[in-house]
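Text of structure37.txt (compact mmCIF, C-alpha atoms) as supplied:
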# COMPACT_ATOMS: atom_id res chain seq x y z
CA MET F 77 109.66 114.84 136.43
CA GLN F 78 107.52 111.82 135.62
CA LYS F 79 108.54 108.54 137.24
CA ARG F 80 108.61 106.68 133.90
CA TRP F 81 111.42 108.86 132.55
CA ILE F 82 113.41 108.55 135.78
CA ILE F 83 113.19 104.76 135.52
CA LEU F 84 114.28 104.75 131.88
CA PHE F 85 117.22 107.04 132.62
CA VAL F 86 118.32 104.89 135.57
CA ALA F 87 118.15 101.83 133.29
CA LEU F 88 120.41 103.54 130.74
CA LEU F 89 122.78 104.59 133.52
CA SER F 90 122.95 101.03 134.83
CA ILE F 91 123.70 99.66 131.36
CA SER F 92 126.48 102.20 130.90
CA PHE F 93 128.15 101.08 134.13
CA LEU F 94 127.74 97.43 133.17
CA GLY F 95 129.71 98.25 130.05
CA LEU F 96 132.72 99.12 132.21
CA PHE F 97 132.75 95.66 133.77
CA TYR F 98 131.80 93.64 130.70
CA SER F 99 134.08 95.20 128.13
CA GLY F 100 135.66 92.71 125.75
CA HIS F 101 139.39 92.14 126.03
CA GLU F 102 141.72 94.00 123.72
CA GLY F 103 142.60 91.99 120.64
CA MET F 104 139.16 90.47 120.05
CA PHE F 105 139.02 92.23 116.68
CA THR F 106 141.88 90.84 114.61
CA ASP F 107 142.23 89.12 111.25
CA ILE F 108 144.16 86.11 112.52
CA ASP F 109 141.23 83.68 112.11
CA SER F 110 142.07 81.64 109.01
CA ASN F 111 138.37 80.99 108.34
CA LEU F 112 137.64 84.65 107.58
CA ASN F 113 136.58 85.31 104.00
CA PHE F 114 137.12 88.97 103.19
CA ALA F 115 134.73 89.00 100.23
CA ASP F 116 131.99 87.71 102.54
CA ILE F 117 132.90 90.33 105.13
CA ALA F 118 132.70 93.16 102.60
CA TRP F 119 129.32 91.99 101.33
CA MET F 120 127.87 91.49 104.81
CA ILE F 121 128.96 94.94 105.97
CA THR F 122 127.17 96.35 102.91
CA ALA F 123 124.08 94.20 103.48
CA THR F 124 123.93 95.23 107.14
CA ILE F 125 123.95 98.90 106.16
CA PHE F 126 121.17 98.26 103.63
CA VAL F 127 118.99 96.51 106.19
CA LEU F 128 119.36 99.35 108.68
CA MET F 129 118.26 101.78 105.96
CA MET F 130 114.93 99.96 105.82
CA THR F 131 113.85 101.37 109.19
CA PRO F 132 114.14 105.05 108.17
CA GLY F 133 112.45 103.95 104.94
CA LEU F 134 109.62 102.47 106.95
CA SER F 135 109.30 105.73 108.89
CA PHE F 136 108.68 107.61 105.62
CA PHE F 137 106.38 104.85 104.36
CA TYR F 138 104.20 105.00 107.48
CA GLY F 139 104.64 108.73 108.09
CA GLY F 140 103.17 109.65 104.73
CA MET F 141 100.06 107.54 105.34
CA VAL F 142 98.80 109.28 108.49
CA ARG F 143 97.23 112.69 108.96
CA SER F 144 99.49 115.75 109.03
CA LYS F 145 99.16 116.17 112.81
CA ASN F 146 100.64 112.69 113.40
CA VAL F 147 103.45 112.52 110.81
CA ILE F 148 106.38 113.22 113.16
CA SER F 149 105.15 110.92 115.92
CA THR F 150 104.59 108.06 113.47
CA MET F 151 108.02 108.50 111.90
CA LEU F 152 109.71 108.71 115.30
CA GLN F 153 108.13 105.45 116.44
CA SER F 154 110.12 103.66 113.73
CA PHE F 155 113.24 105.81 114.02
CA ILE F 156 113.58 105.43 117.80
CA ALA F 157 113.72 101.64 117.44
CA MET F 158 117.23 101.98 116.04
CA GLY F 159 118.28 103.30 119.45
CA VAL F 160 116.21 101.16 121.80
CA ILE F 161 116.67 97.77 120.14
CA SER F 162 120.38 98.32 119.42
CA VAL F 163 121.04 98.72 123.15
CA ILE F 164 118.78 95.80 124.16
CA TRP F 165 120.43 93.59 121.52
CA VAL F 166 123.91 94.28 122.88
CA VAL F 167 122.89 93.74 126.49
CA VAL F 168 120.87 90.52 126.20
CA GLY F 169 118.94 90.24 122.94
CA PHE F 170 121.63 88.54 120.89
CA SER F 171 122.20 86.04 123.69
CA LEU F 172 118.50 85.19 123.93
CA ALA F 173 118.24 84.71 120.17
CA PHE F 174 121.56 83.06 119.33
CA GLY F 175 123.18 82.12 122.62
CA GLU F 176 123.77 78.56 123.81
CA ASP F 177 120.54 76.63 123.32
CA VAL F 178 118.26 76.04 126.31
CA GLY F 179 115.60 73.42 125.61
CA HIS F 180 115.40 74.32 121.91
CA PHE F 181 113.31 77.33 122.99
CA ILE F 182 115.62 80.17 123.97
CA GLY F 183 119.27 81.11 124.15
CA ASN F 184 121.26 81.35 127.36
CA PRO F 185 121.19 85.06 128.31
CA GLY F 186 124.72 84.82 129.64
CA THR F 187 126.35 83.48 126.48
CA PHE F 188 126.90 86.87 124.84
CA PHE F 189 125.79 89.18 127.65
CA MET F 190 126.94 92.75 126.86
CA PHE F 191 128.50 91.29 123.67
CA VAL F 192 131.22 89.50 125.63
CA ASN F 193 132.92 86.98 123.30
CA VAL F 194 131.39 88.75 120.29
CA GLY F 195 134.40 89.86 118.27
CA GLY F 196 136.34 89.44 115.06
CA ALA F 197 136.56 85.64 115.10
CA THR F 198 134.24 83.33 113.22
CA ASP F 199 131.71 80.99 114.80
CA LYS F 200 131.39 77.57 113.16
CA LEU F 201 127.62 77.38 113.78
CA LEU F 202 126.47 80.95 113.24
CA ALA F 203 129.11 82.74 111.19
CA PRO F 204 131.61 80.34 109.60
CA THR F 205 133.30 82.89 107.29
CA ILE F 206 132.60 86.30 108.86
CA PRO F 207 133.27 87.79 112.30
CA LEU F 208 130.64 86.89 114.88
CA ALA F 209 130.30 90.61 115.65
CA LEU F 210 129.28 91.27 112.05
CA TYR F 211 126.72 88.47 112.18
CA ALA F 212 125.35 89.94 115.41
CA LEU F 213 125.09 93.37 113.81
CA PHE F 214 123.31 91.96 110.76
CA GLN F 215 120.77 90.17 112.95
CA MET F 216 120.36 93.31 115.05
CA LYS F 217 118.88 95.15 112.08
CA PHE F 218 116.14 92.50 111.75
CA ALA F 219 115.34 92.92 115.44
CA ILE F 220 115.10 96.69 114.93
CA ILE F 221 112.61 96.71 112.09
CA THR F 222 110.21 94.12 113.54
CA PRO F 223 108.66 96.28 116.31
CA SER F 224 108.77 99.23 113.91
CA LEU F 225 106.45 97.35 111.58
CA ILE F 226 103.92 96.91 114.38
CA THR F 227 103.53 100.68 114.87
CA GLY F 228 101.41 101.05 111.74
CA SER F 229 98.52 99.24 113.42
CA PHE F 230 98.16 101.62 116.38
CA ALA F 231 99.24 104.79 114.58
CA GLU F 232 97.72 108.09 115.75
CA ARG F 233 96.70 106.89 119.21
CA VAL F 234 99.60 105.36 121.19
CA ARG F 235 101.49 107.05 124.02
CA PHE F 236 105.18 107.33 123.17
CA SER F 237 106.54 106.28 126.58
CA GLY F 238 104.21 103.28 126.67
CA TYR F 239 105.39 102.27 123.22
CA LEU F 240 109.03 102.37 124.36
CA VAL F 241 108.32 99.95 127.20
CA PHE F 242 106.25 97.66 124.97
CA MET F 243 109.01 97.59 122.34
CA ILE F 244 111.58 96.42 124.91
CA LEU F 245 109.27 93.68 126.19
CA PHE F 246 108.35 92.57 122.67
CA CYS F 247 112.00 92.21 121.68
CA ILE F 248 112.81 90.10 124.74
CA PHE F 249 109.71 87.91 125.00
CA VAL F 250 108.57 87.57 121.39
CA TYR F 251 111.21 88.41 118.80
CA CYS F 252 114.19 86.72 120.47
CA PRO F 253 112.42 83.40 121.11
CA LEU F 254 111.07 83.32 117.54
CA ALA F 255 114.53 84.02 116.12
CA HIS F 256 115.98 81.23 118.26
CA TRP F 257 113.30 78.72 117.24
CA THR F 258 113.78 79.43 113.55
CA TRP F 259 117.38 80.49 112.93
CA HIS F 260 119.46 78.96 115.69
CA PRO F 261 120.75 75.51 114.61
CA ASP F 262 119.19 73.97 117.73
CA GLY F 263 115.87 75.84 117.64
CA PHE F 264 112.90 73.48 117.53
CA LEU F 265 111.41 74.88 114.30
CA ARG F 266 114.81 74.62 112.63
CA GLN F 267 115.03 71.05 113.87
CA MET F 268 111.65 70.36 112.25
CA GLY F 269 113.10 71.43 108.90
CA VAL F 270 111.13 74.69 108.73
CA LEU F 271 112.77 77.13 106.31
CA ASP F 272 112.63 80.89 106.72
CA PHE F 273 115.38 82.36 104.57
CA ALA F 274 115.12 85.97 105.75
CA GLY F 275 112.22 86.45 108.16
CA GLY F 276 108.85 85.51 106.69
CA ILE F 277 107.63 84.25 110.06
CA VAL F 278 110.25 85.70 112.43
CA VAL F 279 109.75 89.27 111.18
CA HIS F 280 106.60 89.63 109.09
CA ALA F 281 104.12 87.07 110.42
CA SER F 282 105.07 87.98 113.99
CA SER F 283 104.84 91.74 113.46
CA GLY F 284 101.55 91.37 111.59
CA VAL F 285 99.96 89.25 114.32
CA ALA F 286 101.33 91.58 117.01
CA ALA F 287 99.82 94.47 115.05
CA LEU F 288 96.44 92.71 115.06
CA ALA F 289 96.65 92.22 118.83
CA GLY F 290 97.56 95.90 119.26
CA ALA F 291 94.70 97.14 117.10
CA ILE F 292 92.24 95.03 119.09
CA PHE F 293 93.69 96.01 122.47
CA LEU F 294 93.93 99.77 121.86
CA GLY F 295 90.58 100.11 120.13
CA ARG F 296 89.51 102.36 117.30
CA ARG F 297 90.68 105.89 116.60
CA LYS F 298 88.18 108.65 117.29
CA GLU F 299 88.60 109.88 113.73
CA SER F 300 90.68 109.19 110.66
CA GLY F 301 91.57 111.14 107.54
CA GLN F 302 93.51 111.36 104.32
CA PRO F 303 97.26 110.59 104.03
CA ALA F 304 99.41 113.63 104.70
CA ASN F 305 102.14 113.02 102.13
CA ILE F 306 101.91 110.33 99.44
CA PRO F 307 105.38 111.25 98.06
CA PHE F 308 106.70 110.21 101.51
CA VAL F 309 105.02 106.83 100.98
CA LEU F 310 106.74 106.41 97.60
CA LEU F 311 110.09 107.46 99.06
CA GLY F 312 109.68 105.01 101.93
CA ALA F 313 108.72 102.18 99.58
CA ALA F 314 111.78 102.89 97.43
CA MET F 315 114.07 102.83 100.48
CA LEU F 316 112.48 99.59 101.64
CA TRP F 317 112.90 98.01 98.20
CA LEU F 318 116.55 99.00 98.09
CA GLY F 319 117.22 97.94 101.68
CA TRP F 320 115.47 94.61 101.12
CA PHE F 321 118.32 93.54 98.85
CA GLY F 322 120.47 93.48 101.98
CA PHE F 323 117.61 91.93 103.97
CA ASN F 324 117.21 88.95 101.62
CA ALA F 325 120.48 88.64 99.69
CA GLY F 326 122.45 89.27 102.89
CA SER F 327 120.75 86.29 104.53
CA SER F 328 123.02 84.05 102.46
CA LEU F 329 125.75 85.24 104.86
CA ALA F 330 128.23 85.05 101.97
CA ALA F 331 129.14 86.67 98.66
CA ASN F 332 127.97 83.71 96.63
CA SER F 333 125.44 82.54 94.05
CA ILE F 334 122.72 82.13 96.70
CA ALA F 335 122.99 85.85 97.42
CA VAL F 336 122.59 86.58 93.72
CA LYS F 337 119.55 84.30 93.50
CA ALA F 338 117.96 86.01 96.50
CA PHE F 339 118.76 89.41 94.97
CA LEU F 340 117.12 88.43 91.67
CA ASN F 341 114.05 86.91 93.28
CA THR F 342 113.61 89.90 95.59
CA ASN F 343 113.54 92.42 92.75
CA THR F 344 111.37 90.23 90.52
CA ALA F 345 108.82 89.53 93.24
CA SER F 346 108.53 93.19 94.21
CA ALA F 347 108.10 94.28 90.60
CA THR F 348 105.48 91.58 89.99
CA ALA F 349 103.57 92.46 93.13
CA MET F 350 103.56 96.18 92.38
CA MET F 351 102.05 95.58 88.95
CA THR F 352 99.64 92.95 90.30
CA TRP F 353 98.31 95.28 93.02
CA VAL F 354 97.73 98.13 90.56
CA VAL F 355 96.09 95.95 87.89
CA PHE F 356 93.97 94.05 90.44
CA ASP F 357 92.74 97.37 91.86
CA CYS F 358 91.72 98.43 88.35
CA LEU F 359 89.94 95.12 87.77
CA ARG F 360 87.89 95.88 90.89
CA GLY F 361 86.85 99.29 89.61
CA ARG F 362 89.46 101.48 91.25
CA LYS F 363 91.90 103.87 89.65
CA PRO F 364 95.64 103.09 89.56
CA SER F 365 97.21 104.87 92.52
CA ALA F 366 100.65 105.72 93.82
CA MET F 367 99.64 104.37 97.22
CA GLY F 368 98.61 101.07 95.67
CA ALA F 369 101.87 100.77 93.73
CA ALA F 370 103.91 101.41 96.87
CA ILE F 371 101.94 98.96 99.02
CA GLY F 372 102.06 96.32 96.30
CA ALA F 373 105.84 96.59 95.97
CA VAL F 374 106.26 96.09 99.72
CA VAL F 375 103.84 93.14 99.76
CA GLY F 376 105.96 91.46 97.07
CA LEU F 377 109.05 91.93 99.21
CA VAL F 378 107.27 90.36 102.17
CA ALA F 379 105.98 87.47 100.05
CA ILE F 380 109.39 86.37 98.77
CA THR F 381 111.31 86.86 102.02
CA PRO F 382 110.95 83.32 103.45
CA SER F 383 111.93 81.63 100.17
CA ALA F 384 114.18 84.17 98.42
CA GLY F 385 117.31 82.03 98.44
CA TYR F 386 115.56 78.77 97.55
CA VAL F 387 113.05 79.22 94.71
CA THR F 388 113.54 79.87 90.99
CA VAL F 389 112.82 83.26 89.47
CA GLY F 390 109.71 81.84 87.80
CA GLU F 391 108.43 80.58 91.13
CA SER F 392 109.11 84.01 92.66
CA ILE F 393 106.75 85.58 90.10
CA PHE F 394 104.01 83.07 90.91
CA ILE F 395 104.47 83.47 94.67
CA ALA F 396 104.37 87.26 94.41
CA LEU F 397 101.21 87.26 92.30
CA VAL F 398 99.29 84.84 94.53
CA VAL F 399 100.32 86.50 97.79
CA THR F 400 99.55 89.98 96.45
CA VAL F 401 96.04 89.06 95.35
CA ILE F 402 95.37 87.47 98.76
CA CYS F 403 96.74 90.51 100.63
CA ASN F 404 94.76 92.92 98.45
CA MET F 405 91.58 91.00 99.22
CA ALA F 406 92.52 90.86 102.92
CA VAL F 407 92.84 94.67 103.01
CA SER F 408 89.46 95.05 101.30
CA TRP F 409 87.86 92.55 103.68
CA LYS F 410 89.29 94.35 106.70
CA ASN F 411 88.03 97.72 105.50
CA LYS F 412 84.61 96.31 104.60
CA LYS F 413 84.10 94.49 107.89
CA ASN F 414 85.51 97.45 109.83
CA SER F 415 85.84 95.20 112.89
CA PHE F 416 89.22 96.47 114.11
CA ASP F 417 91.28 99.57 113.41
CA ASP F 418 94.59 98.41 111.97
CA ALA F 419 95.39 101.94 110.85
CA LEU F 420 97.97 101.20 108.15
CA ASP F 421 96.95 97.62 107.29
CA VAL F 422 99.91 95.91 108.90
CA PHE F 423 98.17 92.59 109.50
CA PRO F 424 96.58 92.15 106.03
CA THR F 425 99.86 93.04 104.31
CA HIS F 426 102.83 92.00 106.47
CA GLY F 427 100.98 89.43 108.58
CA VAL F 428 99.04 87.71 105.81
CA GLY F 429 101.97 88.13 103.40
CA GLY F 430 104.40 86.47 105.82
CA ILE F 431 101.98 83.66 106.61
CA VAL F 432 101.09 82.83 103.02
CA GLY F 433 104.71 83.30 101.89
CA THR F 434 105.84 80.77 104.49
CA ILE F 435 103.23 78.24 103.39
CA MET F 436 104.31 78.79 99.77
CA THR F 437 107.87 78.04 100.91
CA GLY F 438 106.64 74.69 102.19
CA ILE F 439 105.00 74.07 98.81
CA PHE F 440 107.94 74.98 96.57
CA VAL F 441 110.99 74.15 98.70
CA TYR F 442 111.61 70.53 99.58
CA ASN F 443 114.92 68.83 100.32
CA ALA F 444 114.62 65.06 100.18
CA THR F 445 117.81 64.67 102.22
CA GLU F 446 115.96 65.92 105.32
CA ASN F 447 114.43 62.44 105.71
CA ILE F 448 110.87 63.75 105.69
CA THR F 449 108.26 63.42 102.96
CA TYR F 450 107.09 66.31 100.82
CA TRP F 451 103.73 66.42 102.59
CA GLN F 452 105.33 66.32 106.03
CA ASN F 453 107.56 69.20 104.97
CA LEU F 454 104.52 71.24 103.95
CA LEU F 455 102.67 70.28 107.13
CA ASN F 456 105.65 71.36 109.24
CA HIS F 457 105.57 74.82 107.67
CA ILE F 458 101.85 75.11 108.37
CA ILE F 459 102.38 73.94 111.96
CA ALA F 460 105.16 76.53 112.34
CA VAL F 461 102.82 79.30 111.17
CA VAL F 462 100.13 78.20 113.65
CA ILE F 463 102.62 78.02 116.54
CA VAL F 464 104.23 81.37 115.76
CA CYS F 465 100.92 83.16 115.26
CA GLY F 466 99.37 81.67 118.39
CA TYR F 467 102.39 82.39 120.57
CA THR F 468 102.81 85.91 119.20
CA PHE F 469 99.17 86.89 119.62
CA ILE F 470 98.83 85.55 123.18
CA VAL F 471 102.15 86.86 124.48
CA THR F 472 101.91 90.20 122.68
CA TYR F 473 98.39 90.83 123.94
CA ALA F 474 99.64 90.08 127.46
CA LEU F 475 102.53 92.53 126.95
CA TYR F 476 100.11 95.25 125.86
CA TRP F 477 98.10 94.60 129.02
CA ILE F 478 101.17 94.63 131.28
CA THR F 479 102.53 97.79 129.69
CA ASP F 480 99.14 99.48 129.97
CA LYS F 481 99.13 98.77 133.70
CA MET F 482 102.51 100.51 134.05
CA ILE F 483 101.95 103.32 131.54
CA PRO F 484 98.58 103.88 129.83
CA MET F 485 99.31 103.01 126.21
CA ARG F 486 96.53 105.00 124.63
CA VAL F 487 96.64 108.79 124.68
CA SER F 488 93.69 110.79 125.98
CA GLU F 489 90.89 111.82 123.63
CA LYS F 490 92.10 115.41 123.89
CA SER F 491 95.67 114.45 122.93
CA GLU F 492 94.41 112.38 120.03
CA LYS F 493 92.35 115.31 118.77
CA ILE F 494 95.31 117.69 119.01
CA GLY F 495 97.52 115.17 117.29
CA LEU F 496 100.43 113.16 118.61
CA ASP F 497 103.05 115.47 117.11
CA MET F 498 102.06 118.26 119.50
CA SER F 499 100.64 116.28 122.42
CA GLN F 500 103.55 113.81 122.65
CA HIS F 501 106.51 115.74 121.25
CA ASP F 502 105.73 119.47 121.05
CA GLU F 503 106.63 119.37 117.36
CA ARG F 504 104.62 120.08 114.25
CA TYR F 505 104.85 118.83 110.67
CA GLY F 506 102.33 121.32 109.34
CA ILE F 507 98.83 122.71 109.76
CA GLU F 508 96.92 122.49 106.51
CA THR F 509 93.52 123.97 107.26
CA ASN F 510 91.99 126.76 109.29
CA ARG F 511 89.93 124.17 111.14
CA GLU F 512 93.08 122.41 112.34
CA LEU F 513 94.60 125.75 113.32
CA ALA F 514 91.50 126.53 115.39
CA GLU F 515 91.76 123.15 117.11
CA TYR F 516 95.32 123.90 118.20
CA PHE F 517 94.28 127.23 119.67
CA ASP F 518 91.17 125.74 121.29
CA HIS F 519 93.32 123.20 123.12
CA GLY F 520 95.79 125.78 124.34
CA VAL F 521 98.75 124.59 122.28
CA ASP F 522 101.56 127.09 121.73
CA THR F 523 101.63 127.22 117.95
CA LYS F 524 104.63 129.55 117.99
CA SER F 525 106.94 126.88 119.41
Kindly present the structure from the file in structure tokens form.
Amino acid sequence: MQKRWIILFVALLSISFLGLFYSGHEGMFTDIDSNLNFADIAWMITATIFVLMMTPGLSFFYGGMVRSKNVISTMLQSFIAMGVISVIWVVVGFSLAFGEDVGHFIGNPGTFFMFVNVGGATDKLLAPTIPLALYALFQMKFAIITPSLITGSFAERVRFSGYLVFMILFCIFVYCPLAHWTWHPDGFLRQMGVLDFAGGIVVHASSGVAALAGAIFLGRRKESGQPANIPFVLLGAAMLWLGWFGFNAGSSLAANSIAVKAFLNTNTASATAMMTWVVFDCLRGRKPSAMGAAIGAVVGLVAITPSAGYVTVGESIFIALVVTVICNMAVSWKNKKNSFDDALDVFPTHGVGGIVGTIMTGIFVYNATENITYWQNLLNHIIAVVIVCGYTFIVTYALYWITDKMIPMRVSEKSEKIGLDMSQHDERYGIETNRELAEYFDHGVDTKS
């Protein structure tokens, strides 16, 4: 048995025993809190389910883009996050992100350790009309999808066990601090008046920049090829689009008109971006493609995320169009320069989309009651982007380095040639050519398994 799996099992065993000593007292889940609004509860349960659905959607979206010998491994990298991050969030993640403020930078890890004091009662700061446990579950789904987004950058070449360790470290040292800065009432970006309705910088800018760091650290693939299953990409995009209604409209935390506005803006922006991507491709001499339509729709969802509950529907169209054109050009620039191997274009779509979308939020959303000028408001959003991107890149690159010292993150050249489905998981999506079949036999893989 390899030491890495023994360590991970011992960690799970330790957490399970901790659960015996840190179990919440009976009666924490009751309806006696007079502040509970049952319409809000019903909507937030629904929204939470929708957001979780985005991660399996992402697995199809990414899985269809890689070669056939890496489909299962790529999909599993997203799917496994639902297990890993859910456990980390219960143990300490929610405390670090939303626990009692420590220096406007991080939450006290002991505030909600093992979800103690997270029950059916409301919280006047975080969840004024819904149970705190429901709020924690809703935020958990955001924490789950963020490291999943990163996987597209190092697809087809990362060791699965190394990825698991990196994902844990990223959640603790990058995602949780960013969530605290931006969404906790005492976080320093929130105190600056920076607005991020549903994760433009916390989720998308951070995952895009982390993806860039990963692509640079792990280096280029030995070879690349055509997408294995474009219908998977369309299915994944559809699931993401549907789930994003919970992602954005749920961020109102209530069944109210703000949720409806976010719902409307989300659909409008995605539709606009899908059409913009396809038409802009055609203007540049390409044919309209299913892949382009799917990517465009997702870019529109990213673009409107930081401002979904604030802007008008007309502004959502403008934001989606501008961000989509910029992201399309960023993808083309990346492919032309060929300077780093971001396999599935995570940085030029999610990273650039989150960054530009956040700046557009500073342009279109201004509340004069915040006692800051319009230009200071815009400058604060730009400063927030610079801080988040700088922190994320430096810390994430360090986490890649630390993880690589514990477990080599990149698979061997032989494993990469065989494909990660077989070399990492002993599973196979399909062998499409005689050449691929010969490669499996040449490398001594049991194709009957």
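Restricting the calculation to all atoms listed in the file, the smallest distance between Phe136 of chain F and any of F:Ser282, F:Asn305, F:Ser300, F:Thr449 is found for F:Asn305.
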List the neighbours of segment 266-274 of chain F out to 9 Å using only C-alpha atoms; skip same-chain residues closer than 5 positions along the sequence, and give me the result as a ChimeraX atom specification.
/F:180,218,256-261,279,323-328,381-386,434,437-438,441,446,448,453-454,456-457,460
With C-alpha atoms retained, write the just-selected residues as a PDB file, in the coordinates of the input.
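So again-v6.pdb came out as:
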ATOM      1  CA  HIS F 180     115.400  74.320 121.910  1.00  0.00           C
ATOM      2  CA  PHE F 218     116.140  92.500 111.750  1.00  0.00           C
ATOM      3  CA  HIS F 256     115.980  81.230 118.260  1.00  0.00           C
ATOM      4  CA  TRP F 257     113.300  78.720 117.240  1.00  0.00           C
ATOM      5  CA  THR F 258     113.780  79.430 113.550  1.00  0.00           C
ATOM      6  CA  TRP F 259     117.380  80.490 112.930  1.00  0.00           C
ATOM      7  CA  HIS F 260     119.460  78.960 115.690  1.00  0.00           C
ATOM      8  CA  PRO F 261     120.750  75.510 114.610  1.00  0.00           C
ATOM      9  CA  VAL F 279     109.750  89.270 111.180  1.00  0.00           C
ATOM     10  CA  PHE F 323     117.610  91.930 103.970  1.00  0.00           C
ATOM     11  CA  ASN F 324     117.210  88.950 101.620  1.00  0.00           C
ATOM     12  CA  ALA F 325     120.480  88.640  99.690  1.00  0.00           C
ATOM     13  CA  GLY F 326     122.450  89.270 102.890  1.00  0.00           C
ATOM     14  CA  SER F 327     120.750  86.290 104.530  1.00  0.00           C
ATOM     15  CA  SER F 328     123.020  84.050 102.460  1.00  0.00           C
ATOM     16  CA  THR F 381     111.310  86.860 102.020  1.00  0.00           C
ATOM     17  CA  PRO F 382     110.950  83.320 103.450  1.00  0.00           C
ATOM     18  CA  SER F 383     111.930  81.630 100.170  1.00  0.00           C
ATOM     19  CA  ALA F 384     114.180  84.170  98.420  1.00  0.00           C
ATOM     20  CA  GLY F 385     117.310  82.030  98.440  1.00  0.00           C
ATOM     21  CA  TYR F 386     115.560  78.770  97.550  1.00  0.00           C
ATOM     22  CA  THR F 434     105.840  80.770 104.490  1.00  0.00           C
ATOM     23  CA  THR F 437     107.870  78.040 100.910  1.00  0.00           C
ATOM     24  CA  GLY F 438     106.640  74.690 102.190  1.00  0.00           C
ATOM     25  CA  VAL F 441     110.990  74.150  98.700  1.00  0.00           C
ATOM     26  CA  GLU F 446     115.960  65.920 105.320  1.00  0.00           C
ATOM     27  CA  ILE F 448     110.870  63.750 105.690  1.00  0.00           C
ATOM     28  CA  ASN F 453     107.560  69.200 104.970  1.00  0.00           C
ATOM     29  CA  LEU F 454     104.520  71.240 103.950  1.00  0.00           C
ATOM     30  CA  ASN F 456     105.650  71.360 109.240  1.00  0.00           C
ATOM     31  CA  HIS F 457     105.570  74.820 107.670  1.00  0.00           C
ATOM     32  CA  ALA F 460     105.160  76.530 112.340  1.00  0.00           C
TER      33      ALA F 460
END
Using all atoms listed in the file, determine which residues lie at most 9 Å from Ala370 of chain F, disregarding the query and same-chain residues fewer than 5 positions distant; provide the list as a list in words.
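Answer for this query is Phe137, Val309, Leu310, Leu311, Gly312, Ala313, Ala314, Met350, Ser365 and Val375 of chain F.
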Per-residue nearest contacts segment 261-311 of chain F to segment 492-500 of chain F, cut-off 9 Å, using all atoms listed in the file, as CSV:
residue,atom,partner,partner_atom,distance
F:Arg297,CA,F:Glu492,CA,8.2
F:Lys298,CA,F:Glu492,CA,7.8
F:Glu299,CA,F:Lys493,CA,8.3
Tell me which protein, DNA and RNA residues are within 12 Å of Phe308 of chain F, counting all atoms listed in the file, leaving out same-chain ones fewer than 6 positions away, and put them as a CSV table (one decimal) with C-alpha atoms, in the coordinates of the input.
chain,number,residue,atom,x,y,z
F,132,PRO,CA,114.1,105.0,108.2
F,133,GLY,CA,112.4,104.0,104.9
F,134,LEU,CA,109.6,102.5,107.0
F,135,SER,CA,109.3,105.7,108.9
F,136,PHE,CA,108.7,107.6,105.6
F,137,PHE,CA,106.4,104.8,104.4
F,138,TYR,CA,104.2,105.0,107.5
F,139,GLY,CA,104.6,108.7,108.1
F,140,GLY,CA,103.2,109.6,104.7
F,141,MET,CA,100.1,107.5,105.3
F,142,VAL,CA,98.8,109.3,108.5
F,144,SER,CA,99.5,115.8,109.0
F,147,VAL,CA,103.4,112.5,110.8
F,151,MET,CA,108.0,108.5,111.9
F,314,ALA,CA,111.8,102.9,97.4
F,315,MET,CA,114.1,102.8,100.5
F,366,ALA,CA,100.6,105.7,93.8
F,367,MET,CA,99.6,104.4,97.2
F,370,ALA,CA,103.9,101.4,96.9
If we count all atoms listed in the file and set the cut-off at 6 Å, which residues sit around segment 331-347 of chain F, ignoring sequence neighbours fewer than 5 positions away in its own chain? Please answer as number ranges by chain.
F: 116, 119, 321, 324-325, 373, 376-377, 384-385, 389, 392-393, 396
Create the file for the chosen residues now, containing C-alpha atoms and written as a PDB file, in the coordinates of the input.
ATOM      1  CA  ASP F 116     131.990  87.710 102.540  1.00  0.00           C
ATOM      2  CA  TRP F 119     129.320  91.990 101.330  1.00  0.00           C
ATOM      3  CA  PHE F 321     118.320  93.540  98.850  1.00  0.00           C
ATOM      4  CA  ASN F 324     117.210  88.950 101.620  1.00  0.00           C
ATOM      5  CA  ALA F 325     120.480  88.640  99.690  1.00  0.00           C
ATOM      6  CA  ALA F 373     105.840  96.590  95.970  1.00  0.00           C
ATOM      7  CA  GLY F 376     105.960  91.460  97.070  1.00  0.00           C
ATOM      8  CA  LEU F 377     109.050  91.930  99.210  1.00  0.00           C
ATOM      9  CA  ALA F 384     114.180  84.170  98.420  1.00  0.00           C
ATOM     10  CA  GLY F 385     117.310  82.030  98.440  1.00  0.00           C
ATOM     11  CA  VAL F 389     112.820  83.260  89.470  1.00  0.00           C
ATOM     12  CA  SER F 392     109.110  84.010  92.660  1.00  0.00           C
ATOM     13  CA  ILE F 393     106.750  85.580  90.100  1.00  0.00           C
ATOM     14  CA  ALA F 396     104.370  87.260  94.410  1.00  0.00           C
TER      15      ALA F 396
END
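Relative to atom CA of Ala173 of chain F, atom CA of Gly95 of chain F is found at 20.3 Å.
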Using only C-alpha atoms, which of the listed residues (F:Phe416, F:Phe181, F:Tyr473, F:Phe189) sits closest to Trp165 of chain F?
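Counting only C-alpha atoms, the residue closest to Trp165 of chain F is F:Phe189.
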Using all atoms listed in the file for the distances, tell me which of F:Thr227, F:Asn113, F:Thr187, F:Gln153 is nearest to Ala203 of chain F.
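Ranking F:Thr227, F:Asn113, F:Thr187, F:Gln153 by distance to Ala203 of chain F, first place goes to F:Asn113.
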For a cut-off of 9 Å around (97.2, 94.3, 93.9), file coordinates, pick out all residues using all atoms listed in the file and list them as a PyMOL selection string.
chain F and resi 349-358+368-369+371-372+375+397+400-405
What is the distance between atom CA of Tyr450 of chain F and atom CA of Gly390 of chain F, in Å to one decimal?
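Atom CA of Gly390 of chain F lies 20.4 Å from atom CA of Tyr450 of chain F.
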